[in-house]
Amino acid sequence: MTGTEPAARTQPMARTCPFDPPPEYRTLREEEPVASATLPDGLPGWLVTRYEDVRAVLSDPRFSSRRRQIRIGGDVPKDAPVPPPAPGMFIMTDPPEHTRFRRLLTGQFTVRRMQQLAPAVEQIVAERLAAMAGAEGPVDLVQSFALPIPSLVICELLGVPYSDREEFQRNSAMLLRIDAGPEEVQQAQQAMNRFMHRLVLAKRAEPGDDILSGLVSSGGLTDEELVGVGGLLLIAGHETTANMIALSTLCLLRNPDQLDALRADPSLMDAAVEELLRYLSVIQFGIRRTAAEDLELNGQQIKAGTTVVAAIQSGNRDVAQFPGDPDRLDLHRTYRPHLAFGHGIHQCLGQQLARVELKAALTALFDRFPTLRLAVPVEEIPMRDDMVVYGVHELPVTW
Amino acid sequence: MNITVDENRCVGAGQCVLAAAEVFDQREEDGIVVLLDADPPQELAARVREAAARCPAMAIEVAG
């Protein structure tokens, strides 16, 4: 096996339970923790499924972050070199390029800054809940609660008008569809770029007290880079958290013993957020890397240029790291570091913001609506099997 | 205990502050780790080790 021909095995994609990764991952962890596989876009690659190996890949500079993004909506040139990332797309770069961008941003997302933001987030949550309470009959929790909260927060932080949400949410959703065709992807990307470019020009003309204005006036980035970074923060800032809020709600409603435990002891909330992050692992297809040189991983020879999938969704269910039953949601689980935000130098920049938002949203939601329940049978809830970020497309609830 | 931090490796994720805010902080301007106490009391040892284990960039070393 040279790793250049497609393997008979394909990356597992089909779930049998809405909260568990495909069951094949357990077998892979036990029997073939570094396994050659044909990836969903037809590329030959490797699946890395154990916790320790996932951490090793994500913290080893021999695995480059330059990579092909998962796309199944068109033909992928299998032998072409990995294309260079778009300007400002620093999650797909390596040091020193990556360091230059990350250092410009980390000061904006510190633990202290994000905790200072908590009262403003709680206010936004309260307003959404008040609006929901006024509605008659079932509401879609995604559109009325889970999506607006992180969208409002990231708009405020970045300096993006929330009134433009329809436009950026539509383009963002297209870019996260794994089955979007090349033309659809290109159109959505160009629309997002035009949107951000207008904003960059506006911030230059009239700077505000927001992150984008700060980046513009720092003078360290070209307009193209500002557009790329802005779009990336906007998408990353609302899609992931929105899906975690909605999926966590569904998951707690389906695990009433855990929800009762949380209600009985609100001090469990921090632990609950970490456990939900681990258990749900919404970056459902894992994190891709490209071998920068020929190397060996756990006895397997990996050729330079090959795509390697660090399967965080599998590592987060590894019994070696999460003893007992890792396939159970257990809010009393003793905390151990998980992979939901990735690992290594690219670990999620906005993770402290995500924690603040999840805590505020879940606390207030179950407080305000103690009788919250699904308005449709669980089988009818459309799951995001087709999106880079897992979750629910809709969540009809009543109370 | 003897803690050392590597500012050059640090990526400002804030995991150490979550684990042990008595020992670790972040610089206002760029989020890089600030070591508040290189030899904290023994009762913090478990949380300091957790901070080192959580650090995504392996920028924290704990001896003793």
# chains A, B, ... in the order shown; residues from 1 in each chain; ligands from 1
$ interface_residues --of "chain A" --to "chain B" --cutoff "9 Å" --atoms "only C-alpha atoms" --output "PyMOL selection string"
chain A and resi 55+58-59+99+102-113+336-338+342-352
$ select_by_dssp --residues "range 58-279 of chain A" --states "strand (DSSP E)" --output "PyMOL selection string"
chain A and resi 63-64+139-140
$ residues_around --residues "Asp367 in chain A" --least-positions-apart "3" --cutoff "12 Å" --atoms "only C-alpha atoms" --output "list of chain:residue names"
A:Val125, A:Ala126, A:Leu129, A:Leu259, A:Asp260, A:Leu262, A:Arg263, A:Ala264, A:Pro266, A:Ala360, A:Ala361, A:Leu362, A:Thr363, A:Ala364, A:Pro370, A:Thr371, A:Leu372, A:Trp399
$ write_last_selection --atoms "C-alpha atoms" --output "PDB file, in the first residue's frame"
ATOM      1  CA  VAL A 125     -30.070  35.431  25.044  1.00  0.00           C
ATOM      2  CA  ALA A 126     -32.769  36.981  27.232  1.00  0.00           C
ATOM      3  CA  LEU A 129     -36.130  34.039  24.779  1.00  0.00           C
ATOM      4  CA  LEU A 259     -30.984  17.346  31.947  1.00  0.00           C
ATOM      5  CA  ASP A 260     -32.540  16.712  35.375  1.00  0.00           C
ATOM      6  CA  LEU A 262     -28.164  19.820  35.360  1.00  0.00           C
ATOM      7  CA  ARG A 263     -31.360  21.438  36.601  1.00  0.00           C
ATOM      8  CA  ALA A 264     -30.787  20.080  40.096  1.00  0.00           C
ATOM      9  CA  PRO A 266     -26.591  24.478  37.981  1.00  0.00           C
ATOM     10  CA  ALA A 360     -25.466  31.469  28.615  1.00  0.00           C
ATOM     11  CA  ALA A 361     -27.766  29.934  26.011  1.00  0.00           C
ATOM     12  CA  LEU A 362     -28.321  26.535  27.631  1.00  0.00           C
ATOM     13  CA  THR A 363     -28.687  27.925  31.159  1.00  0.00           C
ATOM     14  CA  ALA A 364     -31.315  30.481  30.221  1.00  0.00           C
ATOM     15  CA  PRO A 370     -38.864  24.203  32.018  1.00  0.00           C
ATOM     16  CA  THR A 371     -41.339  22.198  29.915  1.00  0.00           C
ATOM     17  CA  LEU A 372     -39.402  22.575  26.646  1.00  0.00           C
ATOM     18  CA  TRP A 399     -43.341  24.166  25.837  1.00  0.00           C
TER      19      TRP A 399
END
$ select_by_dssp --residues "range 33-210 of chain A" --states "alpha helix (DSSP H)" --output "PyMOL selection string"
chain A and resi 51-58+97-105+111-116+118-133+141+148-158+165-175+182-205
$ atom_distance --atom1 "CA of Pro87 in chain A" --atom2 "CA of Leu353 in chain A"
24.7 Å
$ residues_around --residues "range 173-183 of chain A" --least-positions-apart "2" --cutoff "10 Å" --atoms "only C-alpha atoms" --output "list of chain:residue names"
A:Pro40, A:Asp41, A:Gln69, A:Ile70, A:Arg71, A:Ile72, A:Gly73, A:Gly74, A:Asp75, A:Val76, A:Phe168, A:Gln169, A:Arg170, A:Asn171, A:Val185, A:Gln186, A:Gln187, A:Ala188, A:Gln189, A:Met192, A:Ile235, A:Glu239, A:Arg384, A:Asp385, A:Asp386, A:Met387, A:Val388, A:Val389, A:Tyr390
$ write_last_selection --atoms "N, CA and C atoms" --output "CSV table (one decimal), in the first residue's frame"
chain,number,residue,atom,x,y,z
A,40,PRO,N,-14.3,10.9,1.1
A,40,PRO,CA,-15.6,11.1,0.5
A,40,PRO,C,-15.4,11.8,-0.9
A,41,ASP,N,-14.4,12.6,-1.1
A,41,ASP,CA,-14.2,13.2,-2.4
A,41,ASP,C,-13.3,12.4,-3.3
A,69,GLN,N,-10.1,20.9,1.0
A,69,GLN,CA,-11.3,20.8,1.8
A,69,GLN,C,-12.2,19.7,1.3
A,70,ILE,N,-13.0,19.2,2.2
A,70,ILE,CA,-13.9,18.1,1.8
A,70,ILE,C,-15.0,18.6,0.9
A,71,ARG,N,-15.1,18.0,-0.3
A,71,ARG,CA,-16.2,18.4,-1.2
A,71,ARG,C,-16.6,17.2,-2.0
A,72,ILE,N,-17.8,16.9,-2.1
A,72,ILE,CA,-18.3,15.7,-2.9
A,72,ILE,C,-19.1,16.2,-4.1
A,73,GLY,N,-19.3,17.5,-4.3
A,73,GLY,CA,-20.2,18.0,-5.3
A,73,GLY,C,-19.6,18.1,-6.7
A,74,GLY,N,-18.4,17.6,-6.9
A,74,GLY,CA,-17.8,17.8,-8.2
A,74,GLY,C,-16.5,16.9,-8.3
A,75,ASP,N,-15.9,16.9,-9.5
A,75,ASP,CA,-14.7,16.1,-9.6
A,75,ASP,C,-13.5,16.7,-8.9
A,76,VAL,N,-12.8,16.0,-8.1
A,76,VAL,CA,-11.6,16.5,-7.5
A,76,VAL,C,-10.4,16.0,-8.2
A,168,PHE,N,-25.0,37.0,4.6
A,168,PHE,CA,-23.9,36.2,5.0
A,168,PHE,C,-24.2,34.8,5.5
A,169,GLN,N,-25.4,34.6,6.1
A,169,GLN,CA,-25.8,33.3,6.5
A,169,GLN,C,-26.0,32.4,5.3
A,170,ARG,N,-26.6,32.9,4.3
A,170,ARG,CA,-26.9,32.1,3.1
A,170,ARG,C,-25.5,31.6,2.4
A,171,ASN,N,-24.6,32.6,2.3
A,171,ASN,CA,-23.3,32.2,1.7
A,171,ASN,C,-22.5,31.2,2.6
A,185,VAL,N,-19.9,26.9,-4.9
A,185,VAL,CA,-18.8,27.2,-3.9
A,185,VAL,C,-18.2,28.6,-4.3
A,186,GLN,N,-17.8,28.6,-5.6
A,186,GLN,CA,-17.1,29.8,-6.1
A,186,GLN,C,-18.0,31.0,-6.0
A,187,GLN,N,-19.3,30.9,-6.3
A,187,GLN,CA,-20.2,32.0,-6.3
A,187,GLN,C,-20.4,32.5,-4.8
A,188,ALA,N,-20.6,31.5,-3.9
A,188,ALA,CA,-20.8,31.9,-2.5
A,188,ALA,C,-19.5,32.6,-1.9
A,189,GLN,N,-18.3,32.0,-2.3
A,189,GLN,CA,-17.1,32.6,-1.8
A,189,GLN,C,-16.9,34.0,-2.4
A,192,MET,N,-19.3,36.3,-0.5
A,192,MET,CA,-18.8,36.6,0.8
A,192,MET,C,-17.6,37.6,0.7
A,235,ILE,N,-17.8,33.3,9.6
A,235,ILE,CA,-18.4,32.0,9.4
A,235,ILE,C,-18.1,31.1,10.6
A,239,GLU,N,-21.4,29.6,12.8
A,239,GLU,CA,-21.9,28.3,12.4
A,239,GLU,C,-21.7,27.2,13.5
A,384,ARG,N,-27.9,17.4,10.1
A,384,ARG,CA,-27.0,18.0,9.2
A,384,ARG,C,-25.9,17.0,8.7
A,385,ASP,N,-26.3,15.9,8.1
A,385,ASP,CA,-25.4,14.9,7.7
A,385,ASP,C,-24.6,15.4,6.5
A,386,ASP,N,-25.1,16.5,5.8
A,386,ASP,CA,-24.5,17.0,4.6
A,386,ASP,C,-23.6,18.2,4.8
A,387,MET,N,-23.4,18.5,6.1
A,387,MET,CA,-22.6,19.8,6.4
A,387,MET,C,-21.3,19.5,7.1
A,388,VAL,N,-20.3,20.4,6.9
A,388,VAL,CA,-19.1,20.2,7.6
A,388,VAL,C,-19.3,20.3,9.1
A,389,VAL,N,-20.2,21.2,9.5
A,389,VAL,CA,-20.5,21.3,10.9
A,389,VAL,C,-21.8,20.6,11.2
A,390,TYR,N,-21.8,19.5,12.0
A,390,TYR,CA,-23.0,18.7,12.3
A,390,TYR,C,-24.0,19.5,13.2
$ atom_distance --atom1 "CA of Cys251 in chain A" --atom2 "CA of Lys359 in chain A"
15.0 Å
$ residues_around --residues "Asp39 in chain B" --least-positions-apart "4" --cutoff "8 Å" --atoms "only C-alpha atoms" --output "MDAnalysis selection string"
chainID B and resid 1:3
$ write_last_selection --atoms "C-alpha atoms" --output "PDB file, in the first residue's frame"
ATOM      1  CA  MET B   1       6.784  22.655  41.855  1.00  0.00           C
ATOM      2  CA  ASN B   2       8.713  24.462  39.160  1.00  0.00           C
ATOM      3  CA  ILE B   3       6.684  25.715  36.205  1.00  0.00           C
TER       4      ILE B   3
END
